[in-house]
Amino acid sequence: MHKTLLLSLTLAASLMGVNQSANAILITGFGSTAEAPASIFTIDAASNFTTITQVAFNTNVVGNDNAQIFSGSFSSINIAGLNTIQLTGTLFGVNALSNFTVELFNSDFSQSRNYSGNLSGFVSGSPATVVLAFVSETAAFNGIGGFQYTGNGTGDPVNFTFDSLEAIPEPSTYALLALGLGSLVFFRMRSKRRSV
């Protein structure tokens with residue numbers, strides 16, 4: 001009986017560590033070709049990195065980490081219930097270790113959500129995924145139609161490929177699921193023991 005409880009708790013713990021990408025909603029792939037359910041990423045004129053190279057499924061920017069902007073729009077996608085976002089990309093060269101902000105906008109750019117991140121989460125030359133920290137929002141909204149990345153560093157060089165932006169369930173969702181599963185198994189075993 002203790003082995004069964006231990007097994008169920010191990011299963012619950014593993015659920016907490018499940019790769020969140022499995023339940024993610026792709027907001028955009030930053031490319032010039034649509035990737036369902038995200039759409040073509042249209043680079044905005046406000047983007048001011050020295051070099052911006054867009055291909056079918058991503059965009060590479062080269063410049064520095066001090067106030068340079070990469071922004072664009074795409075067809076609005078509903079991410080209701082998924083307030084946490086993760087950015088996947090590849091940093092080339094020396095890791096600048098600098099902070100950056102990401103703003104997500106609704107389709108008419110009248111409302112925004114602000115997130116923060118740090119380039120230290122990316123390993124040079126290898127794709128990596130970093131969960132961004134929510135900072136604030138002008139108002140609650142679910143339809144995302146615009147994106148802006150702004151470097152907040154001191155001028156270090158940046159060569160970064162934006163691969164994807166996804167909305168994901170918050171870690172607390174998995175914790176509650178695991179706790180609920182563990183509790184159900186525990187109380188079921190307890191009731192069977194009493195009936196014997």
# chains A, B, ... in the order shown; residues from 1 in each chain; ligands from 1
>>> closest_atom_pairs(of="region 48-127 of chain A", to="region 143-157 of chain A", cutoff="6 Å", atoms="only C-alpha atoms", output="CSV")
residue,atom,partner,partner_atom,distance
A:Gly63,CA,A:Pro157,CA,5.8
A:Asn64,CA,A:Pro157,CA,4.2
A:Asp65,CA,A:Gly151,CA,4.6
A:Asn66,CA,A:Gly153,CA,4.7
A:Ala67,CA,A:Gly151,CA,4.8
A:Gln68,CA,A:Gly151,CA,5.5
A:Ile69,CA,A:Thr150,CA,4.6
A:Phe70,CA,A:Tyr149,CA,5.1
A:Ser71,CA,A:Gln148,CA,4.1
A:Gly72,CA,A:Phe147,CA,5.5
A:Ser73,CA,A:Gly146,CA,4.2
A:Phe74,CA,A:Gly145,CA,5.3
A:Ser75,CA,A:Gly145,CA,5.7
A:Ser76,CA,A:Gly145,CA,4.2
A:Ile77,CA,A:Gly143,CA,5.2
A:Asn78,CA,A:Gly143,CA,4.4
A:Ala96,CA,A:Asp156,CA,5.9
A:Ser98,CA,A:Gly153,CA,4.9
A:Asn99,CA,A:Asn152,CA,5.3
A:Phe100,CA,A:Gly151,CA,4.5
A:Thr101,CA,A:Thr150,CA,5.3
A:Val102,CA,A:Tyr149,CA,4.6
A:Glu103,CA,A:Gln148,CA,5.1
A:Leu104,CA,A:Phe147,CA,4.8
A:Phe105,CA,A:Gly146,CA,4.7
A:Asn106,CA,A:Ile144,CA,4.7
A:Ser107,CA,A:Gly145,CA,4.3
>>> closest_residue(among="A:Thr50, A:Gln86, A:Ser112, A:Asn58", to="Ala24 (chain A)", atoms="only C-alpha atoms")
A:Gln86
>>> closest_residue(among="A:Ile27, A:Val131, A:Leu82, A:Ile52", to="Thr161 (chain A)", atoms="only C-alpha atoms")
A:Ile52
>>> select_by_dssp(residues="region 62-184 of chain A", states="helix (DSSP H, G or I)", output="ChimeraX atom specification")
/A:119-121,171-184
>>> select_by_dssp(residues="region 74-138 of chain A", states="strand (DSSP E)", output="ChimeraX atom specification")
/A:74-78,84-91,99-105,112-118,128-137
>>> write_last_selection(atoms="N, CA and C atoms", output="mmCIF file, in the first residue's frame")
data_model
loop_
_atom_site.group_PDB
_atom_site.id
_atom_site.type_symbol
_atom_site.label_atom_id
_atom_site.label_comp_id
_atom_site.auth_asym_id
_atom_site.auth_seq_id
_atom_site.Cartn_x
_atom_site.Cartn_y
_atom_site.Cartn_z
ATOM 1 N N PHE A 74 0.963 40.590 -35.936
ATOM 2 C CA PHE A 74 0.488 39.338 -36.519
ATOM 3 C C PHE A 74 -1.005 39.287 -36.294
ATOM 4 N N SER A 75 -1.691 38.353 -36.930
ATOM 5 C CA SER A 75 -3.129 38.227 -36.717
ATOM 6 C C SER A 75 -3.394 37.913 -35.255
ATOM 7 N N SER A 76 -4.423 38.532 -34.696
ATOM 8 C CA SER A 76 -4.726 38.380 -33.272
ATOM 9 C C SER A 76 -4.978 36.921 -32.912
ATOM 10 N N ILE A 77 -4.393 36.499 -31.788
ATOM 11 C CA ILE A 77 -4.589 35.143 -31.286
ATOM 12 C C ILE A 77 -5.039 35.218 -29.835
ATOM 13 N N ASN A 78 -6.034 34.405 -29.480
ATOM 14 C CA ASN A 78 -6.604 34.426 -28.137
ATOM 15 C C ASN A 78 -5.801 33.522 -27.211
ATOM 16 N N THR A 84 1.231 33.526 -18.677
ATOM 17 C CA THR A 84 2.681 33.362 -18.667
ATOM 18 C C THR A 84 3.160 33.130 -20.098
ATOM 19 N N ILE A 85 4.278 33.762 -20.463
ATOM 20 C CA ILE A 85 4.804 33.576 -21.810
ATOM 21 C C ILE A 85 6.252 33.107 -21.758
ATOM 22 N N GLN A 86 6.665 32.420 -22.815
ATOM 23 C CA GLN A 86 8.054 31.977 -22.922
ATOM 24 C C GLN A 86 8.583 32.317 -24.306
ATOM 25 N N LEU A 87 9.831 32.750 -24.330
ATOM 26 C CA LEU A 87 10.504 33.131 -25.567
ATOM 27 C C LEU A 87 11.565 32.088 -25.876
ATOM 28 N N THR A 88 11.551 31.577 -27.108
ATOM 29 C CA THR A 88 12.571 30.633 -27.547
ATOM 30 C C THR A 88 13.418 31.320 -28.607
ATOM 31 N N GLY A 89 14.730 31.198 -28.437
ATOM 32 C CA GLY A 89 15.625 31.825 -29.398
ATOM 33 C C GLY A 89 17.039 31.304 -29.248
ATOM 34 N N THR A 90 17.915 31.821 -30.108
ATOM 35 C CA THR A 90 19.318 31.420 -30.088
ATOM 36 C C THR A 90 20.178 32.665 -30.034
ATOM 37 N N LEU A 91 21.034 32.744 -29.024
ATOM 38 C CA LEU A 91 21.972 33.851 -28.879
ATOM 39 C C LEU A 91 23.314 33.397 -29.432
ATOM 40 N N ASN A 99 19.390 42.681 -19.305
ATOM 41 C CA ASN A 99 17.941 42.618 -19.181
ATOM 42 C C ASN A 99 17.272 43.120 -20.454
ATOM 43 N N PHE A 100 16.052 42.641 -20.676
ATOM 44 C CA PHE A 100 15.244 43.152 -21.775
ATOM 45 C C PHE A 100 13.787 43.145 -21.347
ATOM 46 N N THR A 101 12.971 43.899 -22.044
ATOM 47 C CA THR A 101 11.537 43.885 -21.800
ATOM 48 C C THR A 101 10.822 43.427 -23.062
ATOM 49 N N VAL A 102 9.685 42.787 -22.856
ATOM 50 C CA VAL A 102 8.809 42.393 -23.949
ATOM 51 C C VAL A 102 7.434 42.967 -23.654
ATOM 52 N N GLU A 103 6.860 43.607 -24.648
ATOM 53 C CA GLU A 103 5.493 44.096 -24.533
ATOM 54 C C GLU A 103 4.627 43.349 -25.531
ATOM 55 N N LEU A 104 3.470 42.885 -25.071
ATOM 56 C CA LEU A 104 2.475 42.287 -25.948
ATOM 57 C C LEU A 104 1.307 43.261 -26.043
ATOM 58 N N PHE A 105 0.778 43.440 -27.242
ATOM 59 C CA PHE A 105 -0.295 44.392 -27.468
ATOM 60 C C PHE A 105 -1.544 43.697 -27.994
ATOM 61 N N SER A 112 -1.533 46.979 -23.391
ATOM 62 C CA SER A 112 -0.296 46.200 -23.425
ATOM 63 C C SER A 112 -0.076 45.434 -22.130
ATOM 64 N N ARG A 113 0.676 44.348 -22.252
ATOM 65 C CA ARG A 113 1.188 43.589 -21.107
ATOM 66 C C ARG A 113 2.702 43.679 -21.164
ATOM 67 N N ASN A 114 3.334 43.887 -20.025
ATOM 68 C CA ASN A 114 4.783 44.038 -19.972
ATOM 69 C C ASN A 114 5.419 42.862 -19.239
ATOM 70 N N TYR A 115 6.510 42.360 -19.806
ATOM 71 C CA TYR A 115 7.256 41.242 -19.240
ATOM 72 C C TYR A 115 8.737 41.609 -19.223
ATOM 73 N N SER A 116 9.496 40.927 -18.359
ATOM 74 C CA SER A 116 10.941 41.156 -18.325
ATOM 75 C C SER A 116 11.681 39.826 -18.447
ATOM 76 N N GLY A 117 12.899 39.900 -18.957
ATOM 77 C CA GLY A 117 13.738 38.722 -19.110
ATOM 78 C C GLY A 117 15.194 39.123 -19.071
ATOM 79 N N ASN A 118 16.069 38.123 -19.167
ATOM 80 C CA ASN A 118 17.501 38.376 -19.156
ATOM 81 C C ASN A 118 18.158 37.430 -20.158
ATOM 82 N N ALA A 128 17.306 27.998 -26.880
ATOM 83 C CA ALA A 128 16.893 27.882 -25.476
ATOM 84 C C ALA A 128 15.549 28.572 -25.305
ATOM 85 N N THR A 129 14.839 28.167 -24.261
ATOM 86 C CA THR A 129 13.531 28.748 -23.950
ATOM 87 C C THR A 129 13.584 29.366 -22.571
ATOM 88 N N VAL A 130 13.138 30.613 -22.472
ATOM 89 C CA VAL A 130 13.151 31.344 -21.208
ATOM 90 C C VAL A 130 11.738 31.821 -20.894
ATOM 91 N N VAL A 131 11.282 31.539 -19.671
ATOM 92 C CA VAL A 131 9.981 32.034 -19.219
ATOM 93 C C VAL A 131 10.171 33.474 -18.767
ATOM 94 N N LEU A 132 9.343 34.368 -19.280
ATOM 95 C CA LEU A 132 9.457 35.784 -18.958
ATOM 96 C C LEU A 132 8.591 36.129 -17.754
ATOM 97 N N ALA A 133 9.070 37.056 -16.941
ATOM 98 C CA ALA A 133 8.354 37.454 -15.722
ATOM 99 C C ALA A 133 7.340 38.548 -16.051
ATOM 100 N N PHE A 134 6.094 38.334 -15.646
ATOM 101 C CA PHE A 134 5.054 39.347 -15.846
ATOM 102 C C PHE A 134 5.348 40.553 -14.962
ATOM 103 N N VAL A 135 5.227 41.757 -15.526
ATOM 104 C CA VAL A 135 5.487 42.985 -14.779
ATOM 105 C C VAL A 135 4.208 43.770 -14.548
ATOM 106 N N SER A 136 3.470 44.076 -15.612
ATOM 107 C CA SER A 136 2.249 44.885 -15.471
ATOM 108 C C SER A 136 1.426 44.807 -16.743
ATOM 109 N N GLU A 137 0.211 45.326 -16.674
ATOM 110 C CA GLU A 137 -0.634 45.428 -17.859
ATOM 111 C C GLU A 137 -1.511 46.665 -17.749
#
>>> decode(residues="region 156-169 of chain A", atoms="N, CA and C atoms", output="tab-separated table (two decimals), in the first residue's frame")
chain	number	residue	atom	x	y	z
A	156	ASP	N	26.32	46.23	-24.99
A	156	ASP	CA	27.02	45.02	-25.43
A	156	ASP	C	26.42	44.52	-26.75
A	157	PRO	N	27.25	43.89	-27.57
A	157	PRO	CA	26.73	43.39	-28.86
A	157	PRO	C	25.72	42.26	-28.67
A	158	VAL	N	24.73	42.23	-29.54
A	158	VAL	CA	23.71	41.18	-29.51
A	158	VAL	C	23.51	40.64	-30.91
A	159	ASN	N	23.52	39.31	-31.01
A	159	ASN	CA	23.18	38.61	-32.24
A	159	ASN	C	22.21	37.52	-31.81
A	160	PHE	N	20.91	37.77	-32.02
A	160	PHE	CA	19.88	36.90	-31.45
A	160	PHE	C	18.87	36.52	-32.52
A	161	THR	N	18.51	35.24	-32.54
A	161	THR	CA	17.45	34.76	-33.44
A	161	THR	C	16.20	34.48	-32.64
A	162	PHE	N	15.12	35.17	-32.97
A	162	PHE	CA	13.82	34.96	-32.35
A	162	PHE	C	13.14	33.79	-33.05
A	163	ASP	N	12.95	32.67	-32.32
A	163	ASP	CA	12.37	31.46	-32.91
A	163	ASP	C	10.87	31.33	-32.65
A	164	SER	N	10.42	31.60	-31.43
A	164	SER	CA	8.99	31.49	-31.15
A	164	SER	C	8.64	32.20	-29.84
A	165	LEU	N	7.39	32.60	-29.75
A	165	LEU	CA	6.82	33.17	-28.54
A	165	LEU	C	5.57	32.36	-28.24
A	166	GLU	N	5.48	31.82	-27.02
A	166	GLU	CA	4.35	30.97	-26.65
A	166	GLU	C	3.73	31.42	-25.34
A	167	ALA	N	2.43	31.20	-25.22
A	167	ALA	CA	1.73	31.38	-23.95
A	167	ALA	C	1.62	30.00	-23.31
A	168	ILE	N	1.89	29.92	-22.01
A	168	ILE	CA	1.93	28.62	-21.32
A	168	ILE	C	1.13	28.68	-20.03
A	169	PRO	N	0.68	27.52	-19.53
A	169	PRO	CA	0.03	27.49	-18.22
A	169	PRO	C	1.03	27.89	-17.14
